[in-house]
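Here is final-v6.cif, consisting of mmCIF, C-alpha atoms:
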data_run
loop_
_atom_site.group_PDB
_atom_site.id
_atom_site.type_symbol
_atom_site.label_atom_id
_atom_site.label_comp_id
_atom_site.auth_asym_id
_atom_site.auth_seq_id
_atom_site.Cartn_x
_atom_site.Cartn_y
_atom_site.Cartn_z
ATOM 1 C CA MET J 99 -29.877 -89.983 16.490
ATOM 2 C CA GLU J 100 -26.725 -91.376 18.007
ATOM 3 C CA PHE J 101 -27.740 -94.875 16.864
ATOM 4 C CA VAL J 102 -28.201 -93.679 13.292
ATOM 5 C CA LEU J 103 -24.747 -92.028 13.334
ATOM 6 C CA ILE J 104 -23.084 -95.223 14.590
ATOM 7 C CA LEU J 105 -24.958 -97.268 11.984
ATOM 8 C CA SER J 106 -23.813 -94.897 9.235
ATOM 9 C CA ILE J 107 -20.222 -95.174 10.391
ATOM 10 C CA LEU J 108 -20.448 -98.965 10.453
ATOM 11 C CA ILE J 109 -21.976 -99.067 6.970
ATOM 12 C CA SER J 110 -19.270 -96.725 5.629
ATOM 13 C CA ALA J 111 -16.549 -98.818 7.251
ATOM 14 C CA ALA J 112 -18.044 -101.995 5.820
ATOM 15 C CA ALA J 113 -18.196 -100.383 2.363
ATOM 16 C CA VAL J 114 -14.558 -99.278 2.576
ATOM 17 C CA TYR J 115 -13.490 -102.716 3.820
ATOM 18 C CA GLY J 116 -15.484 -104.392 1.028
ATOM 19 C CA ALA J 117 -13.951 -102.144 -1.613
ATOM 20 C CA VAL J 118 -10.435 -102.801 -0.303
ATOM 21 C CA TYR J 119 -11.102 -106.551 -0.079
ATOM 22 C CA PHE J 120 -12.472 -106.834 -3.592
ATOM 23 C CA ARG J 121 -9.672 -104.608 -4.937
ATOM 24 C CA GLN J 122 -7.071 -106.855 -3.301
ATOM 25 C CA ARG J 123 -8.823 -109.940 -4.651
ATOM 26 C CA GLU J 124 -8.965 -108.442 -8.156
ATOM 27 C CA LYS J 125 -5.289 -107.511 -7.933
ATOM 28 C CA LYS J 126 -4.399 -111.027 -6.816
ATOM 29 C CA THR J 127 -6.358 -112.554 -9.719
ATOM 30 C CA LEU J 128 -4.750 -110.213 -12.266
ATOM 31 C CA ASN J 129 -1.286 -110.943 -10.858
ATOM 32 C CA SER J 130 -1.981 -114.653 -11.103
ATOM 33 C CA ILE J 131 -3.166 -114.338 -14.729
ATOM 34 C CA HIS J 132 -0.129 -112.194 -15.524
ATOM 35 C CA SER J 133 2.089 -114.898 -14.032
ATOM 36 C CA MET J 134 0.337 -117.558 -16.145
ATOM 37 C CA ILE J 135 0.815 -115.515 -19.326
ATOM 38 C CA SER J 136 4.513 -114.975 -18.540
ATOM 39 C CA GLN J 137 4.981 -118.712 -17.945
ATOM 40 C CA ALA J 138 3.074 -119.566 -21.126
ATOM 41 C CA LYS J 139 5.201 -117.144 -23.195
ATOM 42 C CA ALA J 140 8.331 -118.713 -21.770
ATOM 43 C CA GLY J 141 6.941 -122.192 -22.493
ATOM 44 C CA ASP J 142 7.164 -122.990 -18.806
ATOM 45 C CA PHE J 143 3.520 -123.207 -17.716
ATOM 46 C CA HIS J 144 2.582 -126.093 -15.400
ATOM 47 C CA GLU J 145 -0.711 -126.992 -13.774
ATOM 48 C CA ARG J 146 -1.011 -126.341 -10.057
ATOM 49 C CA ASN J 147 -3.634 -127.340 -7.478
ATOM 50 C CA PHE J 148 -5.858 -124.297 -7.258
ATOM 51 C CA ASP J 149 -8.265 -123.603 -4.427
ATOM 52 C CA GLU J 150 -11.490 -122.693 -6.216
ATOM 53 C CA SER J 151 -12.695 -120.758 -3.184
ATOM 54 C CA ILE J 152 -9.765 -118.360 -3.664
ATOM 55 C CA LEU J 153 -9.172 -118.531 -7.423
ATOM 56 C CA SER J 154 -11.692 -116.654 -9.546
ATOM 57 C CA SER J 155 -13.604 -118.455 -12.280
ATOM 58 C CA VAL J 156 -11.848 -116.304 -14.906
ATOM 59 C CA GLU J 157 -8.477 -117.386 -13.585
ATOM 60 C CA SER J 158 -9.595 -121.012 -13.618
ATOM 61 C CA ASP J 159 -10.903 -120.803 -17.185
ATOM 62 C CA PHE J 160 -7.688 -119.138 -18.302
ATOM 63 C CA ARG J 161 -5.677 -121.919 -16.700
ATOM 64 C CA ASP J 162 -7.704 -124.508 -18.628
ATOM 65 C CA TYR J 163 -7.159 -122.581 -21.873
ATOM 66 C CA LEU J 164 -3.394 -122.428 -21.365
ATOM 67 C CA LEU J 165 -3.243 -126.125 -20.575
ATOM 68 C CA SER J 166 -5.212 -127.022 -23.726
ATOM 69 C CA THR J 167 -2.998 -124.685 -25.775
ATOM 70 C CA GLY J 168 0.078 -126.364 -24.329
ATOM 71 C CA VAL J 169 -1.265 -129.777 -25.340
ATOM 72 C CA THR J 170 -2.020 -128.475 -28.846
ATOM 73 C CA LYS J 171 1.491 -127.040 -29.118
ATOM 74 C CA VAL J 172 2.992 -130.383 -28.124
ATOM 75 C CA LYS J 173 0.828 -132.170 -30.722
ATOM 76 C CA ILE J 174 1.853 -129.686 -33.443
ATOM 77 C CA THR J 175 5.518 -130.156 -32.548
ATOM 78 C CA GLU J 176 5.132 -133.941 -32.641
ATOM 79 C CA GLU J 177 3.311 -133.725 -36.007
ATOM 80 C CA LYS J 178 6.052 -131.517 -37.473
ATOM 81 C CA ASP J 179 8.665 -134.001 -36.282
ATOM 82 C CA ARG J 180 6.769 -136.834 -37.980
ATOM 83 C CA ILE J 181 6.451 -134.822 -41.211
ATOM 84 C CA LYS J 182 10.137 -133.924 -41.064
ATOM 85 C CA GLU J 183 11.036 -137.585 -40.650
ATOM 86 C CA LEU J 184 8.684 -138.588 -43.494
ATOM 87 C CA ILE J 185 10.080 -135.958 -45.881
ATOM 88 C CA SER J 186 13.628 -136.954 -45.030
ATOM 89 C CA ASP J 187 12.761 -140.603 -45.643
ATOM 90 C CA ILE J 188 11.093 -139.842 -49.013
ATOM 91 C CA SER J 189 14.058 -137.714 -50.051
ATOM 92 C CA HIS J 190 16.508 -140.469 -49.121
ATOM 93 C CA GLN J 191 14.478 -143.335 -50.610
ATOM 94 C CA THR J 192 13.928 -141.627 -53.992
ATOM 95 C CA LYS J 193 17.362 -140.071 -54.455
ATOM 96 C CA THR J 194 19.257 -143.342 -55.036
ATOM 97 C CA PRO J 195 16.806 -144.971 -57.507
ATOM 98 C CA LEU J 196 16.536 -141.779 -59.572
ATOM 99 C CA SER J 197 20.309 -141.318 -59.639
ATOM 100 C CA ASN J 198 20.720 -144.934 -60.753
ATOM 101 C CA ILE J 199 18.123 -144.570 -63.525
ATOM 102 C CA LEU J 200 19.877 -141.450 -64.814
ATOM 103 C CA LEU J 201 23.271 -143.162 -64.618
ATOM 104 C CA TYR J 202 22.127 -146.243 -66.538
ATOM 105 C CA THR J 203 20.329 -144.042 -69.077
ATOM 106 C CA GLN J 204 23.543 -142.128 -69.726
ATOM 107 C CA LEU J 205 25.480 -145.390 -70.031
ATOM 108 C CA LEU J 206 22.930 -146.693 -72.531
ATOM 109 C CA SER J 207 23.212 -143.524 -74.615
ATOM 110 C CA GLU J 208 26.948 -144.160 -74.975
ATOM 111 C CA GLN J 209 26.386 -147.654 -76.422
ATOM 112 C CA GLN J 210 25.664 -148.762 -79.969
ATOM 113 C CA LEU J 211 21.896 -149.112 -79.900
ATOM 114 C CA PRO J 212 19.421 -150.594 -82.398
ATOM 115 C CA GLU J 213 17.629 -148.198 -84.715
ATOM 116 C CA GLY J 214 14.974 -146.217 -82.848
ATOM 117 C CA ALA J 215 16.355 -147.096 -79.403
ATOM 118 C CA GLU J 216 18.239 -143.805 -79.075
ATOM 119 C CA LYS J 217 14.966 -141.844 -79.065
ATOM 120 C CA CYS J 218 13.600 -144.100 -76.333
ATOM 121 C CA VAL J 219 16.707 -143.629 -74.188
ATOM 122 C CA SER J 220 16.559 -139.852 -74.708
ATOM 123 C CA ALA J 221 12.866 -139.772 -73.750
ATOM 124 C CA LEU J 222 13.607 -141.888 -70.667
ATOM 125 C CA GLU J 223 16.308 -139.450 -69.557
ATOM 126 C CA ILE J 224 14.040 -136.428 -70.027
ATOM 127 C CA GLN J 225 11.163 -137.988 -68.079
ATOM 128 C CA THR J 226 13.496 -139.084 -65.261
ATOM 129 C CA GLU J 227 14.831 -135.514 -64.973
ATOM 130 C CA LYS J 228 11.245 -134.251 -64.774
ATOM 131 C CA LEU J 229 10.426 -136.751 -62.036
ATOM 132 C CA LYS J 230 13.555 -135.768 -60.125
ATOM 133 C CA PHE J 231 12.660 -132.074 -60.375
ATOM 134 C CA LEU J 232 9.067 -132.722 -59.265
ATOM 135 C CA ILE J 233 10.094 -134.712 -56.181
ATOM 136 C CA GLU J 234 12.666 -132.090 -55.190
ATOM 137 C CA ALA J 235 10.127 -129.267 -55.677
ATOM 138 C CA LEU J 236 7.467 -131.061 -53.606
ATOM 139 C CA ILE J 237 9.949 -131.696 -50.804
ATOM 140 C CA LYS J 238 10.961 -128.004 -50.799
ATOM 141 C CA CYS J 239 7.322 -126.891 -50.716
ATOM 142 C CA SER J 240 6.485 -129.271 -47.900
ATOM 143 C CA ARG J 241 9.481 -128.119 -45.852
ATOM 144 C CA LEU J 242 8.567 -124.458 -46.309
ATOM 145 C CA GLU J 243 4.877 -124.976 -45.519
ATOM 146 C CA ASN J 244 5.611 -126.922 -42.339
ATOM 147 C CA GLY J 245 8.316 -124.565 -41.122
ATOM 148 C CA ILE J 246 10.904 -127.345 -41.318
ATOM 149 C CA LEU J 247 13.045 -125.474 -43.800
ATOM 150 C CA SER J 248 14.110 -122.179 -42.261
ATOM 151 C CA LEU J 249 15.265 -119.178 -44.259
ATOM 152 C CA ASN J 250 18.130 -117.046 -42.974
ATOM 153 C CA PRO J 251 17.698 -113.524 -44.382
ATOM 154 C CA SER J 252 20.523 -111.024 -43.919
ATOM 155 C CA LYS J 253 21.390 -107.593 -45.313
ATOM 156 C CA ALA J 254 23.362 -107.962 -48.548
ATOM 157 C CA GLU J 255 23.743 -106.682 -52.104
ATOM 158 C CA ILE J 256 21.052 -108.088 -54.379
ATOM 159 C CA MET J 257 22.924 -108.005 -57.713
ATOM 160 C CA PRO J 258 25.059 -111.151 -57.062
ATOM 161 C CA CYS J 259 21.841 -113.053 -56.278
ATOM 162 C CA ILE J 260 20.257 -111.929 -59.553
ATOM 163 C CA LYS J 261 23.382 -112.849 -61.521
ATOM 164 C CA GLU J 262 23.347 -116.306 -59.923
ATOM 165 C CA ALA J 263 19.741 -116.847 -61.071
ATOM 166 C CA VAL J 264 20.569 -115.606 -64.587
ATOM 167 C CA SER J 265 23.684 -117.777 -64.796
ATOM 168 C CA ASN J 266 21.730 -120.930 -63.913
ATOM 169 C CA LEU J 267 19.306 -120.313 -66.801
ATOM 170 C CA LYS J 268 21.734 -118.949 -69.386
ATOM 171 C CA GLU J 269 21.724 -122.194 -71.384
ATOM 172 C CA ASN J 270 17.896 -122.264 -71.517
ATOM 173 C CA ALA J 271 17.849 -118.656 -72.733
ATOM 174 C CA ASN J 272 20.538 -119.308 -75.363
ATOM 175 C CA CYS J 273 18.540 -122.229 -76.775
ATOM 176 C CA LYS J 274 15.739 -119.762 -77.607
ATOM 177 C CA ASP J 275 18.099 -116.900 -78.478
ATOM 178 C CA ILE J 276 16.626 -114.834 -75.630
ATOM 179 C CA ASP J 277 18.747 -111.939 -74.387
ATOM 180 C CA ILE J 278 18.613 -111.321 -70.612
ATOM 181 C CA LYS J 279 19.514 -107.749 -69.675
ATOM 182 C CA VAL J 280 20.167 -106.580 -66.107
ATOM 183 C CA SER J 281 20.143 -102.881 -65.206
ATOM 184 C CA GLY J 282 19.977 -100.652 -62.140
ATOM 185 C CA GLU J 283 22.100 -99.916 -59.105
ATOM 186 C CA ASN J 284 23.481 -102.676 -56.924
ATOM 187 C CA LEU J 285 20.980 -102.151 -54.109
ATOM 188 C CA GLN J 286 20.888 -103.842 -50.717
ATOM 189 C CA ALA J 287 18.029 -105.824 -49.206
ATOM 190 C CA VAL J 288 17.369 -108.376 -46.473
ATOM 191 C CA PHE J 289 17.112 -111.842 -48.029
ATOM 192 C CA ASP J 290 18.348 -115.438 -47.999
ATOM 193 C CA PHE J 291 20.777 -115.697 -50.940
ATOM 194 C CA LYS J 292 20.203 -119.342 -51.897
ATOM 195 C CA TRP J 293 16.403 -119.384 -51.696
ATOM 196 C CA THR J 294 15.897 -115.919 -53.173
ATOM 197 C CA SER J 295 18.082 -116.942 -56.119
ATOM 198 C CA GLU J 296 15.797 -119.941 -56.617
ATOM 199 C CA ALA J 297 12.650 -117.778 -56.368
ATOM 200 C CA LEU J 298 13.981 -115.308 -58.959
ATOM 201 C CA GLY J 299 15.149 -118.225 -61.111
ATOM 202 C CA ASN J 300 11.643 -119.737 -61.141
ATOM 203 C CA ILE J 301 10.150 -116.447 -62.337
ATOM 204 C CA LEU J 302 12.898 -116.033 -64.942
ATOM 205 C CA ASP J 303 12.463 -119.624 -66.123
ATOM 206 C CA ASN J 304 8.757 -118.945 -66.554
ATOM 207 C CA GLY J 305 9.566 -115.915 -68.708
ATOM 208 C CA ILE J 306 11.925 -117.946 -70.904
ATOM 209 C CA LYS J 307 9.365 -120.748 -71.389
ATOM 210 C CA TYR J 308 6.561 -118.473 -72.547
ATOM 211 C CA SER J 309 8.622 -115.996 -74.608
ATOM 212 C CA PRO J 310 9.120 -116.341 -78.387
ATOM 213 C CA LYS J 311 12.576 -116.930 -79.826
ATOM 214 C CA GLY J 312 14.752 -113.873 -80.372
ATOM 215 C CA THR J 313 13.055 -111.720 -77.710
ATOM 216 C CA SER J 314 14.555 -110.254 -74.542
ATOM 217 C CA ILE J 315 13.938 -110.268 -70.789
ATOM 218 C CA ASN J 316 14.772 -107.130 -68.815
ATOM 219 C CA ILE J 317 15.654 -107.251 -65.114
ATOM 220 C CA SER J 318 15.820 -103.916 -63.307
ATOM 221 C CA LEU J 319 16.207 -102.731 -59.716
ATOM 222 C CA LEU J 320 14.429 -99.871 -57.972
ATOM 223 C CA SER J 321 14.814 -98.559 -54.436
ATOM 224 C CA TYR J 322 11.911 -97.621 -52.157
ATOM 225 C CA GLU J 323 11.858 -96.453 -48.574
ATOM 226 C CA LEU J 324 10.970 -99.860 -47.151
ATOM 227 C CA PHE J 325 11.605 -102.231 -50.055
ATOM 228 C CA CYS J 326 13.973 -103.100 -52.868
ATOM 229 C CA ARG J 327 12.007 -103.838 -56.053
ATOM 230 C CA ILE J 328 13.207 -106.299 -58.700
ATOM 231 C CA ASP J 329 11.306 -106.175 -61.997
ATOM 232 C CA ILE J 330 11.497 -109.140 -64.377
ATOM 233 C CA GLU J 331 9.821 -108.143 -67.626
ATOM 234 C CA ASP J 332 9.439 -110.450 -70.626
ATOM 235 C CA GLN J 333 7.981 -110.168 -74.135
ATOM 236 C CA GLY J 334 6.010 -113.380 -73.900
ATOM 237 C CA SER J 335 2.405 -114.313 -74.543
ATOM 238 C CA GLY J 336 1.113 -112.509 -71.453
ATOM 239 C CA ILE J 337 -1.439 -113.668 -68.899
ATOM 240 C CA ASP J 338 -5.236 -113.374 -68.975
ATOM 241 C CA GLU J 339 -6.572 -111.059 -66.270
ATOM 242 C CA GLU J 340 -8.668 -113.882 -64.798
ATOM 243 C CA ASP J 341 -5.558 -116.083 -64.509
ATOM 244 C CA ILE J 342 -3.291 -113.573 -62.720
ATOM 245 C CA ASN J 343 -4.612 -114.537 -59.272
ATOM 246 C CA LYS J 344 -4.352 -118.260 -60.097
ATOM 247 C CA ILE J 345 -0.777 -118.510 -61.381
ATOM 248 C CA PHE J 346 0.671 -118.714 -57.862
ATOM 249 C CA SER J 347 -1.515 -121.708 -56.977
ATOM 250 C CA ARG J 348 0.221 -125.044 -56.675
ATOM 251 C CA PHE J 349 0.090 -127.098 -59.909
ATOM 252 C CA TYR J 350 -1.964 -124.475 -61.752
ATOM 253 C CA ARG J 351 -1.538 -124.496 -65.551
ATOM 254 C CA SER J 352 -3.720 -122.363 -67.815
ATOM 255 C CA PRO J 353 -5.489 -124.507 -70.470
ATOM 256 C CA GLU J 354 -3.702 -122.775 -73.388
ATOM 257 C CA ASN J 355 -0.256 -123.486 -71.852
ATOM 258 C CA ALA J 356 -0.993 -127.110 -70.987
ATOM 259 C CA GLN J 357 1.239 -128.311 -73.837
ATOM 260 C CA THR J 358 4.222 -126.226 -72.689
ATOM 261 C CA GLU J 359 6.743 -128.066 -70.542
ATOM 262 C CA GLY J 360 6.253 -127.349 -66.852
ATOM 263 C CA LEU J 361 4.688 -128.569 -63.616
ATOM 264 C CA GLY J 362 2.924 -125.454 -62.338
ATOM 265 C CA ILE J 363 4.896 -125.372 -59.099
ATOM 266 C CA GLY J 364 7.680 -122.824 -59.733
ATOM 267 C CA LEU J 365 5.681 -119.626 -59.149
ATOM 268 C CA TYR J 366 3.984 -121.167 -56.111
ATOM 269 C CA LEU J 367 7.375 -121.930 -54.592
ATOM 270 C CA SER J 368 8.653 -118.422 -55.463
ATOM 271 C CA ARG J 369 5.807 -116.750 -53.608
ATOM 272 C CA GLN J 370 6.287 -119.007 -50.586
ATOM 273 C CA ILE J 371 9.987 -118.081 -50.425
ATOM 274 C CA ILE J 372 9.511 -114.321 -50.889
ATOM 275 C CA THR J 373 6.567 -114.118 -48.467
ATOM 276 C CA ALA J 374 8.495 -116.042 -45.807
ATOM 277 C CA GLN J 375 11.132 -113.286 -45.914
ATOM 278 C CA GLY J 376 8.647 -110.450 -45.386
ATOM 279 C CA GLY J 377 8.375 -109.566 -49.081
ATOM 280 C CA TYR J 378 5.721 -109.938 -51.757
ATOM 281 C CA ILE J 379 5.253 -110.336 -55.533
ATOM 282 C CA LYS J 380 3.083 -108.272 -57.912
ATOM 283 C CA VAL J 381 2.231 -109.079 -61.527
ATOM 284 C CA GLU J 382 1.329 -106.778 -64.412
ATOM 285 C CA SER J 383 0.416 -108.403 -67.700
ATOM 286 C CA GLU J 384 -1.574 -107.855 -70.853
ATOM 287 C CA LYS J 385 -2.502 -110.711 -73.141
ATOM 288 C CA GLY J 386 -0.123 -110.765 -76.088
ATOM 289 C CA HIS J 387 2.142 -108.048 -74.661
ATOM 290 C CA GLY J 388 4.308 -109.849 -72.110
ATOM 291 C CA SER J 389 4.387 -109.851 -68.312
ATOM 292 C CA LYS J 390 6.194 -107.985 -65.567
ATOM 293 C CA PHE J 391 6.818 -109.708 -62.230
ATOM 294 C CA SER J 392 7.829 -107.312 -59.456
ATOM 295 C CA VAL J 393 9.546 -108.839 -56.434
ATOM 296 C CA PHE J 394 9.669 -106.673 -53.306
ATOM 297 C CA LEU J 395 12.282 -107.502 -50.669
ATOM 298 C CA PRO J 396 12.490 -105.614 -47.352
ATOM 299 C CA ASN J 397 15.317 -103.123 -46.844
ATOM 300 C CA ALA J 398 15.539 -103.827 -43.120
#
What would you get if you wrote out this structure as structure tokens?
Amino acid sequence: MEFVLILSILISAAAVYGAVYFRQREKKTLNSIHSMISQAKAGDFHERNFDESILSSVESDFRDYLLSTGVTKVKITEEKDRIKELISDISHQTKTPLSNILLYTQLLSEQQLPEGAEKCVSALEIQTEKLKFLIEALIKCSRLENGILSLNPSKAEIMPCIKEAVSNLKENANCKDIDIKVSGENLQAVFDFKWTSEALGNILDNGIKYSPKGTSINISLLSYELFCRIDIEDQGSGIDEEDINKIFSRFYRSPENAQTEGLGIGLYLSRQIITAQGGYIKVESEKGHGSKFSVFLPNA
């Protein structure tokens, strides 16, 4: 009886010791993993010589994962640097030739030219401008997609940004006798002035291109709890329901608008810019009854 009692005590003591030991070991492993995560978040994780008899297999696997992630991060950073250098080089290498072509084209247009040559010079100038716009748009897209070009949103009044976009396209609108009307309160939102002006300008330019002469485009502002909404509504040809989800794709042109001047990159760039600032764009359209683009910018 006494032997059984002693044995029971020993078994209980061993169980308590085992529980404490394994609890301490588990705590040590969790603390080690927590330390690894903290180092990884701070970008300061380094491999150490672990004793596999002490370190759990989970801890070891997690170490391997963090090391592979660190290598991947370094590769991504190196790739972004290479892309940044390539984009900068393309921008630099194309800027001078294009500027020279435009300069010489303008000089030619000021000279006495043989009959029929003026049309050729005019066509050359138009195509060079298109090429310049395309290269600049592609560079902007590439910079945004690769995180090279950073936006700097800040709280500000949105009306000056809208007026800037309208002002840049006033000449285009006047050529088609299109009246651009702006209404609503001067609300505030969080946005990058320069890039948001470009995004709104691309949408507005689209409305001018596909609207008949003598129509109007209405821009209005609405306030929501979390967002400021900017509606750009035209009286153009409208968009087919099946095309609404495609118009923001890069280089997409609907077959019926293929003859209209454009590259199919403006709306894509607009969505990239607005999304990068925590906003979004919605479209309502009915074929033959115009389109309404709604841009939502965060209030905070």
Set the distance at 9 Å and use only C-alpha atoms: which residues neighbour region 283-290 of chain J once local chain neighbours fewer than 6 positions away are removed? I'd like the list as a ChimeraX atom specification.
/J:249-258,318-321,325-326,372,375-376,395-398
J:Ile317, J:Val219, J:Asp277, J:Ser248 ranked by distance to Ala263 (chain J), top pick (using only C-alpha atoms)
J:Ile317
Reference answer for the PyMOL selection byres ((chain J and resi 308-312) around 7), as a PyMOL selection string
chain J and resi 274-276+304-307+313-314+332-335
Return as a JSON list (two decimals) with C-alpha atoms, in the frame of the given file the set of residues that the PyMOL selection byres ((chain J and resi 261) around 12) yields on the displayed structure.
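Saved to part_25.json:
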[["chain", "number", "residue", "atom", "x", "y", "z"],
["J", 255, "GLU", "CA", 23.74, -106.68, -52.10],
["J", 256, "ILE", "CA", 21.05, -108.09, -54.38],
["J", 257, "MET", "CA", 22.92, -108.00, -57.71],
["J", 258, "PRO", "CA", 25.06, -111.15, -57.06],
["J", 259, "CYS", "CA", 21.84, -113.05, -56.28],
["J", 260, "ILE", "CA", 20.26, -111.93, -59.55],
["J", 262, "GLU", "CA", 23.35, -116.31, -59.92],
["J", 263, "ALA", "CA", 19.74, -116.85, -61.07],
["J", 264, "VAL", "CA", 20.57, -115.61, -64.59],
["J", 265, "SER", "CA", 23.68, -117.78, -64.80],
["J", 266, "ASN", "CA", 21.73, -120.93, -63.91],
["J", 267, "LEU", "CA", 19.31, -120.31, -66.80],
["J", 268, "LYS", "CA", 21.73, -118.95, -69.39],
["J", 278, "ILE", "CA", 18.61, -111.32, -70.61],
["J", 279, "LYS", "CA", 19.51, -107.75, -69.68],
["J", 280, "VAL", "CA", 20.17, -106.58, -66.11],
["J", 281, "SER", "CA", 20.14, -102.88, -65.21],
["J", 284, "ASN", "CA", 23.48, -102.68, -56.92],
["J", 291, "PHE", "CA", 20.78, -115.70, -50.94],
["J", 294, "THR", "CA", 15.90, -115.92, -53.17],
["J", 295, "SER", "CA", 18.08, -116.94, -56.12],
["J", 296, "GLU", "CA", 15.80, -119.94, -56.62],
["J", 298, "LEU", "CA", 13.98, -115.31, -58.96],
["J", 299, "GLY", "CA", 15.15, -118.22, -61.11],
["J", 302, "LEU", "CA", 12.90, -116.03, -64.94],
["J", 317, "ILE", "CA", 15.65, -107.25, -65.11],
["J", 318, "SER", "CA", 15.82, -103.92, -63.31]]
List, as a VMD selection string, every residue that the PyMOL selection byres ((chain J and resi 337) around 6) selects in the file provided.
chain J and resid 336 338 383 385
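Here CA of Ile199 (chain J) stands at a distance of 26.0 Å from CA of Cys273 (chain J).
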Atomic separation - CA of Ser347 (chain J) relative to CA of Leu324 (chain J), Å:
27.0 Å
Two-atom distance - CA of Ser392 (chain J), CA of Ile328 (chain J) (Å):
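For CA of Ser392 (chain J) relative to CA of Ile328 (chain J), the distance reads 5.5 Å.
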Between J:Thr203, J:Thr192, J:Asn270, J:Ser389, which has the minimum distance to Glu216 (chain J) (counting only C-alpha atoms)?
J:Thr203
